[in-house]
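Colleague: Data file query.cif (mmCIF, C-alpha atoms) is appended below.
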data_query
#
loop_
_atom_site.label_atom_id
_atom_site.label_comp_id
_atom_site.auth_asym_id
_atom_site.auth_seq_id
_atom_site.Cartn_x
_atom_site.Cartn_y
_atom_site.Cartn_z
CA MET A 1 64.55 -128.91 -1.88
CA MET A 2 61.02 -129.54 -3.11
CA LYS A 3 59.27 -132.40 -1.31
CA VAL A 4 57.88 -134.69 -4.00
CA GLU A 5 55.01 -135.99 -1.86
CA GLU A 6 53.77 -132.43 -1.35
CA ALA A 7 54.08 -131.33 -5.00
CA LEU A 8 53.28 -134.56 -6.86
CA HIS A 9 49.56 -134.40 -7.44
CA MET A 10 47.41 -133.71 -10.45
CA VAL A 11 45.78 -130.30 -10.96
CA GLY A 12 42.55 -130.47 -8.97
CA GLY A 13 39.04 -129.22 -9.59
CA ALA A 14 37.14 -129.50 -12.85
CA GLY A 15 38.50 -126.49 -14.76
CA ASP A 16 40.05 -126.37 -18.21
CA THR A 17 43.56 -127.22 -16.95
CA SER A 18 42.46 -129.78 -14.34
CA TYR A 19 43.37 -133.45 -14.50
CA ALA A 20 39.66 -134.29 -14.40
CA SER A 21 39.33 -132.52 -17.77
CA ASN A 22 42.60 -133.83 -19.23
CA SER A 23 42.86 -137.49 -18.26
CA ARG A 24 41.77 -139.29 -21.41
CA LEU A 25 45.11 -141.11 -21.76
CA GLN A 26 44.50 -142.81 -18.43
CA GLU A 27 40.88 -143.45 -19.35
CA LYS A 28 41.95 -145.32 -22.50
CA ALA A 29 44.35 -147.47 -20.46
CA ILE A 30 41.65 -148.27 -17.88
CA ARG A 31 39.24 -149.34 -20.63
CA LYS A 32 41.94 -151.57 -22.13
CA THR A 33 42.30 -153.39 -18.79
CA LYS A 34 38.60 -154.30 -18.56
CA ASP A 35 38.97 -157.95 -19.63
CA ILE A 36 42.09 -158.41 -17.49
CA VAL A 37 40.32 -156.98 -14.43
CA GLU A 38 37.33 -159.30 -14.99
CA LYS A 39 39.61 -162.33 -15.26
CA ALA A 40 41.60 -161.35 -12.17
CA LEU A 41 38.43 -160.96 -10.10
CA LYS A 42 37.19 -164.37 -11.24
CA ASN A 43 40.51 -165.88 -10.19
CA ILE A 44 40.20 -164.72 -6.58
CA ASN A 45 39.37 -167.74 -4.49
CA GLY A 46 35.82 -167.26 -3.21
CA GLU A 47 36.77 -168.91 0.08
CA VAL A 48 38.88 -165.89 1.08
CA VAL A 49 35.92 -163.52 0.67
CA SER A 50 33.54 -163.67 3.62
CA LYS A 51 30.95 -161.01 2.86
CA SER A 52 32.80 -157.91 1.68
CA LEU A 53 35.07 -157.79 -1.36
CA VAL A 54 37.71 -155.18 -0.49
CA VAL A 55 39.30 -153.31 -3.41
CA ALA A 56 42.04 -150.66 -3.35
CA ASP A 57 42.64 -148.20 -6.20
CA LEU A 58 46.21 -146.96 -5.74
CA GLY A 59 46.92 -143.55 -7.21
CA CYS A 60 43.24 -142.89 -7.89
CA SER A 61 43.74 -139.16 -8.65
CA SER A 62 40.50 -137.21 -9.12
CA GLY A 63 37.82 -136.89 -11.75
CA PRO A 64 35.83 -139.41 -13.77
CA ASN A 65 38.51 -142.11 -14.01
CA ALA A 66 38.18 -142.94 -10.30
CA PHE A 67 34.52 -143.76 -10.95
CA LEU A 68 35.32 -145.63 -14.16
CA VAL A 69 37.41 -148.09 -12.14
CA ILE A 70 34.60 -148.50 -9.61
CA SER A 71 32.07 -149.12 -12.42
CA GLN A 72 34.23 -151.74 -14.11
CA ILE A 73 34.75 -153.66 -10.90
CA ILE A 74 31.07 -153.54 -9.91
CA SER A 75 30.09 -154.82 -13.38
CA ALA A 76 32.77 -157.52 -13.33
CA VAL A 77 31.71 -158.79 -9.90
CA MET A 78 28.04 -158.87 -10.84
CA GLU A 79 28.68 -160.57 -14.19
CA ALA A 80 30.87 -163.17 -12.54
CA GLY A 81 28.04 -164.08 -10.18
CA TYR A 82 30.42 -163.65 -7.28
CA GLN A 83 28.18 -165.30 -4.71
CA LYS A 84 30.48 -164.87 -1.74
CA ALA A 85 30.55 -161.06 -2.03
CA LYS A 86 27.47 -159.41 -0.57
CA GLU A 87 28.99 -155.93 -0.81
CA ILE A 88 32.10 -154.17 -2.12
CA VAL A 89 34.39 -151.77 -0.26
CA PHE A 90 36.41 -149.38 -2.44
CA LEU A 91 39.46 -147.76 -0.85
CA LEU A 92 40.66 -144.85 -2.98
CA ASN A 93 44.30 -143.99 -2.34
CA ASP A 94 46.50 -141.14 -3.46
CA LEU A 95 48.97 -138.68 -1.97
CA PRO A 96 47.56 -136.20 0.58
CA GLY A 97 47.69 -133.36 -1.97
CA ASN A 98 45.20 -135.16 -4.21
CA ASP A 99 41.82 -133.50 -4.76
CA PHE A 100 39.75 -136.01 -2.80
CA ASN A 101 37.06 -133.37 -2.31
CA THR A 102 36.14 -133.41 -6.00
CA ILE A 103 35.76 -137.20 -5.85
CA PHE A 104 33.46 -137.16 -2.86
CA ARG A 105 31.44 -134.18 -4.08
CA SER A 106 30.79 -136.18 -7.26
CA LEU A 107 29.93 -139.42 -5.45
CA SER A 108 26.20 -138.74 -5.03
CA LEU A 109 25.84 -138.01 -8.77
CA TYR A 110 27.70 -141.21 -9.58
CA GLU A 111 25.51 -143.26 -7.22
CA LYS A 112 22.40 -141.83 -8.88
CA LYS A 113 23.74 -142.81 -12.30
CA VAL A 114 24.52 -146.36 -11.13
CA LYS A 115 20.98 -146.80 -9.78
CA GLU A 116 19.49 -145.50 -13.03
CA GLU A 117 21.54 -147.99 -15.05
CA ASN A 118 21.21 -151.03 -12.79
CA GLY A 119 18.12 -150.46 -10.67
CA ASP A 120 18.13 -152.45 -7.43
CA GLN A 121 20.35 -155.18 -8.91
CA VAL A 122 23.64 -153.48 -8.06
CA LEU A 123 25.59 -154.83 -5.09
CA PRO A 124 25.85 -152.45 -2.13
CA TYR A 125 29.17 -150.65 -2.21
CA PHE A 126 31.04 -148.22 0.03
CA VAL A 127 33.76 -145.72 -0.89
CA ALA A 128 36.46 -144.32 1.40
CA GLY A 129 39.57 -142.22 0.83
CA VAL A 130 43.00 -143.31 2.08
CA PRO A 131 45.62 -140.55 1.73
CA GLY A 132 49.26 -141.62 1.74
CA SER A 133 52.09 -142.87 -0.44
CA PHE A 134 51.72 -146.37 -1.85
CA TYR A 135 55.45 -146.75 -1.28
CA GLY A 136 54.52 -147.09 2.40
CA ARG A 137 52.02 -149.29 4.26
CA LEU A 138 48.42 -148.21 3.74
CA PHE A 139 46.15 -151.06 4.89
CA PRO A 140 46.06 -153.76 7.59
CA CYS A 141 47.61 -157.16 6.86
CA ASN A 142 45.48 -159.53 4.79
CA SER A 143 42.74 -156.94 4.34
CA LEU A 144 42.59 -156.54 0.53
CA HIS A 145 41.28 -158.95 -2.09
CA PHE A 146 42.09 -156.89 -5.17
CA ALA A 147 44.41 -153.94 -5.84
CA HIS A 148 44.31 -151.75 -8.93
CA SER A 149 46.66 -149.01 -10.07
CA SER A 150 46.57 -147.04 -13.31
CA TYR A 151 49.12 -144.54 -14.65
CA SER A 152 50.84 -144.19 -11.28
CA LEU A 153 53.80 -146.54 -10.85
CA MET A 154 56.08 -144.65 -13.24
CA TRP A 155 56.12 -141.91 -10.56
CA LEU A 156 58.95 -142.39 -8.07
CA SER A 157 58.88 -141.69 -4.36
CA GLN A 158 61.57 -139.06 -4.91
CA VAL A 159 64.00 -137.66 -7.45
CA PRO A 160 66.98 -140.07 -7.31
CA VAL A 161 69.55 -138.96 -4.76
CA GLY A 162 72.64 -137.59 -6.49
CA ILE A 163 70.95 -136.36 -9.68
CA ASP A 164 71.45 -132.74 -8.63
CA HIS A 165 75.11 -133.25 -7.70
CA GLN A 166 77.83 -131.36 -9.48
CA SER A 167 80.93 -132.50 -11.32
CA GLY A 168 83.58 -129.83 -11.76
CA GLY A 169 81.08 -127.21 -10.66
CA VAL A 170 78.48 -128.27 -13.25
CA ASN A 171 75.23 -130.14 -12.51
CA ILE A 172 75.62 -133.67 -13.86
CA ASN A 173 72.27 -133.53 -15.68
CA LYS A 174 72.59 -129.91 -16.79
CA GLY A 175 69.96 -128.77 -19.25
CA ASN A 176 67.82 -131.89 -18.81
CA ILE A 177 64.89 -132.70 -16.55
CA TYR A 178 65.02 -136.48 -17.15
CA ILE A 179 67.29 -139.00 -18.85
CA SER A 180 68.40 -137.80 -22.27
CA ARG A 181 71.09 -138.64 -24.81
CA THR A 182 73.27 -135.91 -23.30
CA SER A 183 72.92 -137.29 -19.75
CA PRO A 184 76.01 -139.09 -18.38
CA PRO A 185 75.53 -142.85 -17.72
CA ILE A 186 75.32 -142.30 -13.95
CA VAL A 187 71.98 -140.51 -14.41
CA SER A 188 70.38 -143.61 -15.95
CA ARG A 189 71.87 -145.79 -13.20
CA LEU A 190 70.53 -143.57 -10.42
CA TYR A 191 67.04 -143.57 -11.95
CA LEU A 192 67.04 -147.35 -12.36
CA GLU A 193 68.22 -147.89 -8.77
CA GLN A 194 65.44 -145.64 -7.47
CA PHE A 195 62.84 -147.47 -9.55
CA LYS A 196 64.03 -150.84 -8.26
CA ARG A 197 63.83 -149.68 -4.64
CA ASP A 198 60.40 -148.15 -5.08
CA PHE A 199 58.78 -150.92 -7.11
CA SER A 200 60.21 -153.59 -4.79
CA SER A 201 58.77 -151.74 -1.78
CA PHE A 202 55.40 -151.42 -3.51
CA LEU A 203 55.25 -155.16 -4.20
CA LYS A 204 56.44 -156.19 -0.74
CA LEU A 205 53.92 -153.96 1.04
CA ARG A 206 50.99 -154.99 -1.17
CA SER A 207 51.82 -158.65 -0.58
CA GLN A 208 51.39 -157.99 3.15
CA GLU A 209 48.07 -156.20 2.64
CA LEU A 210 46.53 -158.64 0.14
CA VAL A 211 45.01 -161.92 1.26
CA ASN A 212 46.63 -165.16 0.18
CA GLY A 213 45.63 -165.54 -3.47
CA GLY A 214 44.80 -161.85 -3.87
CA GLN A 215 45.21 -160.18 -7.26
CA MET A 216 46.56 -156.93 -8.66
CA VAL A 217 46.11 -155.27 -12.05
CA LEU A 218 48.64 -152.51 -12.77
CA SER A 219 49.04 -150.23 -15.79
CA PHE A 220 51.84 -147.69 -16.13
CA LEU A 221 54.11 -146.07 -18.70
CA GLY A 222 57.24 -147.92 -19.75
CA ARG A 223 59.57 -148.13 -22.71
CA LYS A 224 60.50 -150.51 -25.53
CA SER A 225 64.20 -149.74 -25.85
CA SER A 226 66.79 -151.34 -23.59
CA ASP A 227 68.52 -147.94 -23.57
CA PRO A 228 66.62 -145.56 -21.24
CA SER A 229 68.00 -142.52 -23.07
CA LYS A 230 66.19 -143.67 -26.22
CA ALA A 231 62.83 -144.20 -24.54
CA GLU A 232 59.76 -142.69 -26.16
CA VAL A 233 59.01 -140.66 -23.05
CA CYS A 234 62.46 -139.02 -23.19
CA HIS A 235 61.18 -136.93 -26.09
CA LEU A 236 58.14 -135.92 -24.03
CA TRP A 237 60.20 -134.55 -21.14
CA GLY A 238 62.97 -133.32 -23.44
CA LEU A 239 60.53 -130.93 -25.10
CA VAL A 240 59.60 -129.57 -21.64
CA ALA A 241 63.33 -129.07 -20.97
CA ASP A 242 63.64 -127.19 -24.28
CA ALA A 243 60.84 -124.85 -23.21
CA LEU A 244 62.48 -124.19 -19.84
CA ASN A 245 65.93 -123.66 -21.38
CA SER A 246 64.52 -121.16 -23.87
CA MET A 247 63.15 -119.19 -20.92
CA VAL A 248 66.62 -119.24 -19.34
CA GLN A 249 68.10 -117.77 -22.52
CA GLU A 250 65.54 -114.96 -22.39
CA GLY A 251 66.18 -114.25 -18.73
CA VAL A 252 62.75 -115.41 -17.55
CA LEU A 253 64.12 -118.29 -15.45
CA GLU A 254 67.39 -118.78 -13.58
CA GLU A 255 69.70 -121.37 -15.14
CA GLU A 256 70.51 -122.90 -11.76
CA LYS A 257 66.81 -123.44 -11.05
CA VAL A 258 66.34 -125.28 -14.33
CA ASN A 259 69.49 -127.35 -13.88
CA THR A 260 68.27 -128.61 -10.51
CA PHE A 261 64.77 -129.56 -11.68
CA ASN A 262 64.52 -133.30 -12.39
CA MET A 263 61.48 -135.52 -12.79
CA PRO A 264 60.55 -138.06 -10.08
CA PHE A 265 59.65 -140.44 -12.88
CA TYR A 266 61.03 -143.55 -14.57
CA ALA A 267 59.86 -145.43 -17.65
CA ALA A 268 61.15 -148.96 -17.08
CA SER A 269 61.72 -151.61 -19.72
CA LYS A 270 59.75 -154.85 -19.77
CA GLU A 271 62.85 -156.72 -18.61
CA GLU A 272 63.44 -154.33 -15.70
CA VAL A 273 59.84 -154.72 -14.52
CA GLN A 274 59.98 -158.51 -14.75
CA GLN A 275 63.34 -158.62 -12.97
CA VAL A 276 62.05 -156.64 -9.98
CA ILE A 277 58.91 -158.79 -9.69
CA GLN A 278 60.94 -162.00 -9.82
CA SER A 279 63.60 -160.70 -7.45
CA GLU A 280 61.10 -159.42 -4.85
CA GLY A 281 59.36 -162.77 -5.03
CA SER A 282 55.83 -162.14 -3.67
CA PHE A 283 53.88 -162.32 -6.93
CA TYR A 284 53.42 -164.40 -10.05
CA ILE A 285 53.00 -162.60 -13.38
CA GLU A 286 49.72 -164.01 -14.65
CA GLN A 287 49.56 -161.78 -17.71
CA MET A 288 51.52 -158.91 -19.27
CA GLN A 289 50.48 -156.77 -22.23
CA ILE A 290 52.19 -153.86 -23.95
CA LEU A 291 50.02 -151.18 -25.53
CA GLU A 292 50.86 -148.14 -27.61
CA SER A 293 48.92 -144.91 -27.23
CA ASN A 294 49.33 -141.69 -29.22
CA TRP A 295 50.67 -138.70 -27.33
CA ASP A 296 47.56 -136.77 -28.28
CA PRO A 297 44.83 -138.26 -26.05
CA PHE A 298 42.17 -137.40 -28.65
CA ASP A 299 44.03 -139.05 -31.54
CA ASP A 300 42.78 -142.64 -31.78
CA SER A 301 44.17 -143.18 -35.29
CA VAL A 302 46.79 -145.75 -36.19
CA ASP A 303 48.44 -143.49 -38.79
CA ASP A 304 52.13 -142.66 -38.56
CA GLN A 305 51.46 -138.98 -39.15
CA ALA A 306 49.62 -136.42 -37.03
CA PHE A 307 46.52 -135.12 -38.84
CA ASP A 308 46.77 -131.65 -37.24
CA ASN A 309 50.11 -131.24 -35.49
CA VAL A 310 49.23 -127.82 -34.03
CA LYS A 311 46.00 -129.07 -32.47
CA SER A 312 47.75 -132.19 -31.23
CA GLY A 313 50.51 -130.05 -29.69
CA HIS A 314 47.84 -128.10 -27.82
CA ASN A 315 46.13 -131.30 -26.63
CA VAL A 316 49.38 -132.85 -25.41
CA ALA A 317 50.34 -129.65 -23.60
CA LYS A 318 47.02 -129.56 -21.73
CA CYS A 319 47.43 -133.20 -20.73
CA ILE A 320 51.00 -132.74 -19.47
CA ARG A 321 50.15 -129.46 -17.74
CA ALA A 322 47.48 -131.22 -15.66
CA VAL A 323 50.25 -133.52 -14.37
CA LEU A 324 53.29 -131.26 -14.27
CA GLU A 325 52.00 -127.86 -13.10
CA PRO A 326 52.19 -128.59 -9.33
CA LEU A 327 55.77 -129.87 -9.69
CA LEU A 328 56.83 -126.76 -11.65
CA VAL A 329 55.23 -124.39 -9.17
CA GLY A 330 56.69 -126.36 -6.25
CA HIS A 331 60.21 -126.05 -7.66
CA PHE A 332 60.24 -122.63 -9.31
CA GLY A 333 57.78 -121.00 -6.92
CA LYS A 334 56.19 -119.01 -9.73
CA GLN A 335 52.65 -119.73 -10.85
CA ALA A 336 53.09 -116.95 -13.43
CA ILE A 337 55.58 -118.96 -15.51
CA VAL A 338 53.22 -121.89 -16.12
CA ASP A 339 51.32 -120.40 -19.05
CA GLN A 340 54.59 -119.49 -20.77
CA VAL A 341 56.08 -122.94 -20.25
CA PHE A 342 53.14 -124.73 -21.83
CA GLU A 343 52.69 -122.28 -24.69
CA ARG A 344 56.28 -123.03 -25.68
CA TYR A 345 55.81 -126.72 -24.97
CA ALA A 346 52.74 -126.92 -27.23
CA HIS A 347 54.79 -125.39 -30.04
CA ASN A 348 57.68 -127.80 -29.41
CA VAL A 349 55.35 -130.81 -29.50
CA ALA A 350 53.71 -129.58 -32.71
CA MET A 351 57.12 -129.29 -34.38
CA HIS A 352 58.16 -132.73 -33.10
CA LEU A 353 54.98 -134.35 -34.46
CA LEU A 354 55.78 -133.03 -37.93
CA LYS A 355 58.89 -135.22 -37.88
CA GLU A 356 57.73 -138.18 -35.80
CA LYS A 357 54.44 -139.36 -34.32
CA THR A 358 55.76 -140.72 -31.05
CA LYS A 359 53.61 -143.00 -28.89
CA HIS A 360 53.38 -143.79 -25.21
CA ILE A 361 54.28 -147.35 -24.22
CA VAL A 362 51.88 -148.72 -21.61
CA PHE A 363 52.48 -151.90 -19.60
CA ILE A 364 49.48 -153.78 -18.24
CA LEU A 365 50.18 -156.51 -15.68
CA ALA A 366 48.01 -158.98 -13.82
CA LEU A 367 49.77 -160.26 -10.69
CA LYS A 368 48.74 -162.88 -8.16
CA THR A 369 50.15 -163.34 -4.70
CA LYS A 370 52.13 -166.52 -4.25
CA ASP A 371 50.50 -169.17 -2.11
CA LEU A 372 52.22 -168.99 1.28
CA ASN A 373 51.14 -172.54 2.06
CA LEU A 374 53.17 -174.08 -0.77
#
Let me see whether you can do it: turn the structure in this file into structure tokens.

Modeller:
Amino acid sequence: MMKVEEALHMVGGAGDTSYASNSRLQEKAIRKTKDIVEKALKNINGEVVSKSLVVADLGCSSGPNAFLVISQIISAVMEAGYQKAKEIVFLLNDLPGNDFNTIFRSLSLYEKKVKEENGDQVLPYFVAGVPGSFYGRLFPCNSLHFAHSSYSLMWLSQVPVGIDHQSGGVNINKGNIYISRTSPPIVSRLYLEQFKRDFSSFLKLRSQELVNGGQMVLSFLGRKSSDPSKAEVCHLWGLVADALNSMVQEGVLEEEKVNTFNMPFYAASKEEVQQVIQSEGSFYIEQMQILESNWDPFDDSVDDQAFDNVKSGHNVAKCIRAVLEPLLVGHFGKQAIVDQVFERYAHNVAMHLLKEKTKHIVFILALKTKDLNL
């Protein structure tokens, strides 16, 4: 069985199919969190910061968005006149397969840009990489003041156990790679249970690593519907499943391989997110926003129709390929199939957008650790 931690990473480098070149959806979400990040940093009690403000970016990936987060936090700290902080430490975390090399090769160029924009006024800052799963412990107790995570927490630590089981000799989620309207109810239950375990672990571990009164700002994909099989993202993965199934029909892929490929992903509802936070008990929800973002990362319109569905299909396919390619290669073991999958997927998305301009649902949360002295 494919190990999710080994295969779950974005396409590295800076090429045409890399995540660095196809991460505008995340960029838009990060920019939307700017005011929330500034407020969260202001709310950190200055007494808990001695000299260094320690910040963790969880699921930092690679490319320009890692530096966008750093820039926003530097600006927010300087604008807030954060007198206690004499320097900032940024700890960039992602799974070991992440392309940390691209980040650190780009660091000198970023530092030069910061100096050109701010002169000698910028606070000293230091950047380090921390490979590992954020569903495990990453940092010493009471070592972080602020934690940030963008477009990461919808990814699970593993495909839910039991999804690839059979009933009467047939895989229970046959023909699907995620929850769909043809999935039996047990599939939704298994995904929800896995999300609850993972998100609870994430919160518990961060509460140990953050100082008393520390803050987190999280953004990740979710859903509006109470029914997970009707979630907006079900269409997104359903169109990938259609591409894979068409390749089965043509003898390009084995049916059994497709039937045992399931996404380590869950788009939770607002109520499910709130329930886990309240049940785990380490954080207050200071703020929660729900944003909508077009599938096409380059479509910033508010229209209900796609202006150019073929171009949008191509854009969406490039975006999803930058995320999904390592998982597909890890499961099917064939790099050669990737081009075919996403050519078909681009066509499927284009046809879907003719009927419906579906949007991503993005949750943005500001959380504060509960005061242990109360």

Colleague: Give as a ChimeraX atom specification the residues that the PyMOL selection byres ((chain A and resi 232) around 12) matches when applied to the coordinates above.

Modeller: /A:179-180,221-231,233-239,266-269,292-295,356-362

Colleague: Rounded to one decimal place, report the atom CA of Phe261 of chain A-atom CA of Lys318 of chain A distance in Å.

Modeller: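 Calculated distance between atom CA of Phe261 of chain A and atom CA of Lys318 of chain A is 20.4 Å.
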
Colleague: How would you write, as a list in words, the residues chosen by the PyMOL selection byres ((chain A and resi 279) around 12) on this structure?

Modeller: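 After applying the PyMOL selection byres ((chain A and resi 279) around 12), what remains is Lys196, Arg197, Phe199, Ser200, Ser201, Leu203, Lys204, Glu271, Glu272, Val273, Gln274, Gln275, Val276, Ile277, Gln278, Glu280, Gly281, Ser282, Phe283 and Tyr284 of chain A.
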
Colleague: As a ChimeraX atom specification, please: the residues near segment 159-165 of chain A (cut-off 6 Å, all atoms listed in the file, same-chain neighbours under 2 positions excluded).

Modeller: /A:171,190-191,194,260,264

Colleague: Of the candidates A:Val329, A:Val349, A:Pro64, A:Leu291, which shows the shortest atom-to-atom distance to Thr33 of chain A, using all atoms listed in the file?

Modeller: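 Of all the options, A:Leu291 lies closest to Thr33 of chain A.
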
Colleague: Evaluating the PyMOL selection byres ((chain A and resi 178) around 6) on the displayed file yields which residues, as a compact mmCIF listing (two decimals) with C-alpha atoms, keeping the file's coordinate frame?

Modeller:
# COMPACT_ATOMS: atom_id res chain seq x y z
CA ASN A 176 67.82 -131.89 -18.81
CA ILE A 177 64.89 -132.70 -16.55
CA ILE A 179 67.29 -139.00 -18.85
CA ASN A 262 64.52 -133.30 -12.39
CA MET A 263 61.48 -135.52 -12.79

Colleague: Restricting the calculation to all atoms listed in the file: of A:Ala56, A:His145, A:Ser61, A:Arg31, which residue gets closest to Ala85 of chain A?

Modeller: A:His145

Colleague: Using all atoms listed in the file, can you tell me which of A:Ala317, A:Ile285, A:Leu107, A:Ala366 comes closest to His347 of chain A?

Modeller: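 Among A:Ala317, A:Ile285, A:Leu107, A:Ala366, it is A:Ala317 that comes nearest to His347 of chain A.
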
Colleague: Just how far from atom CA of Val69 of chain A is atom CA of Asp99 of chain A, in Å to one decimal?

Modeller: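 We find that atom CA of Asp99 of chain A and atom CA of Val69 of chain A lie 16.9 Å from each other.
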
Colleague: Env of Asn93 of chain A: 9 Å cut, atoms = only C-alpha atoms, seq-sep filter 5 positions within chain, self excluded. Answer as a list in words.

Modeller: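 Counting only the stated atoms, we get Ala56, Asp57, Leu58, Gly59, Cys60, Ser61, Ala128, Gly129, Val130, Pro131, Gly132, Ser133, Phe134 and Leu138 of chain A.
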
Colleague: Which residue is closest to Asp242 of chain A? Choose from A:Ser157, A:Ala346, A:Gly213, A:Phe265 and count only C-alpha atoms.

Modeller: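 Checking each candidate against Asp242 of chain A, we get A:Ala346 as the closest.
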
Colleague: Could you pull out every residue with an atom within 12 Å of (45.5, -140.0, -38.0), file coordinates, counting only C-alpha atoms, and send them as a PDB file with C-alpha atoms, in the coordinates of the input?

Modeller:
ATOM      1  CA  ASN A 294      49.330-141.690 -29.220  1.00  0.00           C
ATOM      2  CA  TRP A 295      50.670-138.700 -27.330  1.00  0.00           C
ATOM      3  CA  ASP A 296      47.560-136.770 -28.280  1.00  0.00           C
ATOM      4  CA  PHE A 298      42.170-137.400 -28.650  1.00  0.00           C
ATOM      5  CA  ASP A 299      44.030-139.050 -31.540  1.00  0.00           C
ATOM      6  CA  ASP A 300      42.780-142.640 -31.780  1.00  0.00           C
ATOM      7  CA  SER A 301      44.170-143.180 -35.290  1.00  0.00           C
ATOM      8  CA  VAL A 302      46.790-145.750 -36.190  1.00  0.00           C
ATOM      9  CA  ASP A 303      48.440-143.490 -38.790  1.00  0.00           C
ATOM     10  CA  ASP A 304      52.130-142.660 -38.560  1.00  0.00           C
ATOM     11  CA  GLN A 305      51.460-138.980 -39.150  1.00  0.00           C
ATOM     12  CA  ALA A 306      49.620-136.420 -37.030  1.00  0.00           C
ATOM     13  CA  PHE A 307      46.520-135.120 -38.840  1.00  0.00           C
ATOM     14  CA  ASP A 308      46.770-131.650 -37.240  1.00  0.00           C
ATOM     15  CA  ASN A 309      50.110-131.240 -35.490  1.00  0.00           C
ATOM     16  CA  SER A 312      47.750-132.190 -31.230  1.00  0.00           C
ATOM     17  CA  LEU A 353      54.980-134.350 -34.460  1.00  0.00           C
ATOM     18  CA  LYS A 357      54.440-139.360 -34.320  1.00  0.00           C
TER      19      LYS A 357
END

Colleague: Quote the spacing between atom CA of Val248 of chain A and atom CA of Leu328 of chain A in Å to one decimal place.

Modeller: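 It comes out at 14.5 Å.
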
Colleague: Using only C-alpha atoms, find the one residue out of A:Ser183, A:Ser219, A:Asn212, A:Ser188 that sits nearest to Lys34 of chain A.

Modeller: A:Ser219

Colleague: Set up a box along x, y and z of the file covering all listed atoms of segment 231-247 of chain A, add 6 Å on every one of the six sides, and write the centre and edge lengths in Å to one decimal, as AutoDock Vina command-line options.

Modeller:
--center_x 62.0 --center_y -131.7 --center_z -23.0 --size_x 19.8 --size_y 37.0 --size_z 18.3

Colleague: List the neighbours of Phe363 of chain A out to 6 Å using all atoms listed in the file; skip same-chain residues closer than 3 positions along the sequence, and give me the result as an mmCIF file with C-alpha atoms, in the frame of the given file.

Modeller:
data_model
loop_
_atom_site.group_PDB
_atom_site.id
_atom_site.type_symbol
_atom_site.label_atom_id
_atom_site.label_comp_id
_atom_site.auth_asym_id
_atom_site.auth_seq_id
_atom_site.Cartn_x
_atom_site.Cartn_y
_atom_site.Cartn_z
ATOM 1 C CA SER A 219 49.040 -150.230 -15.790
ATOM 2 C CA PHE A 220 51.840 -147.690 -16.130
ATOM 3 C CA GLN A 289 50.480 -156.770 -22.230
ATOM 4 C CA ILE A 290 52.190 -153.860 -23.950
#

Colleague: Compare A:Lys113, A:Lys270, A:Val341, A:Pro326 by their minimum atom-to-atom distance to Met288 of chain A, counting all atoms listed in the file, and give me the closest one.

Modeller: A:Lys270
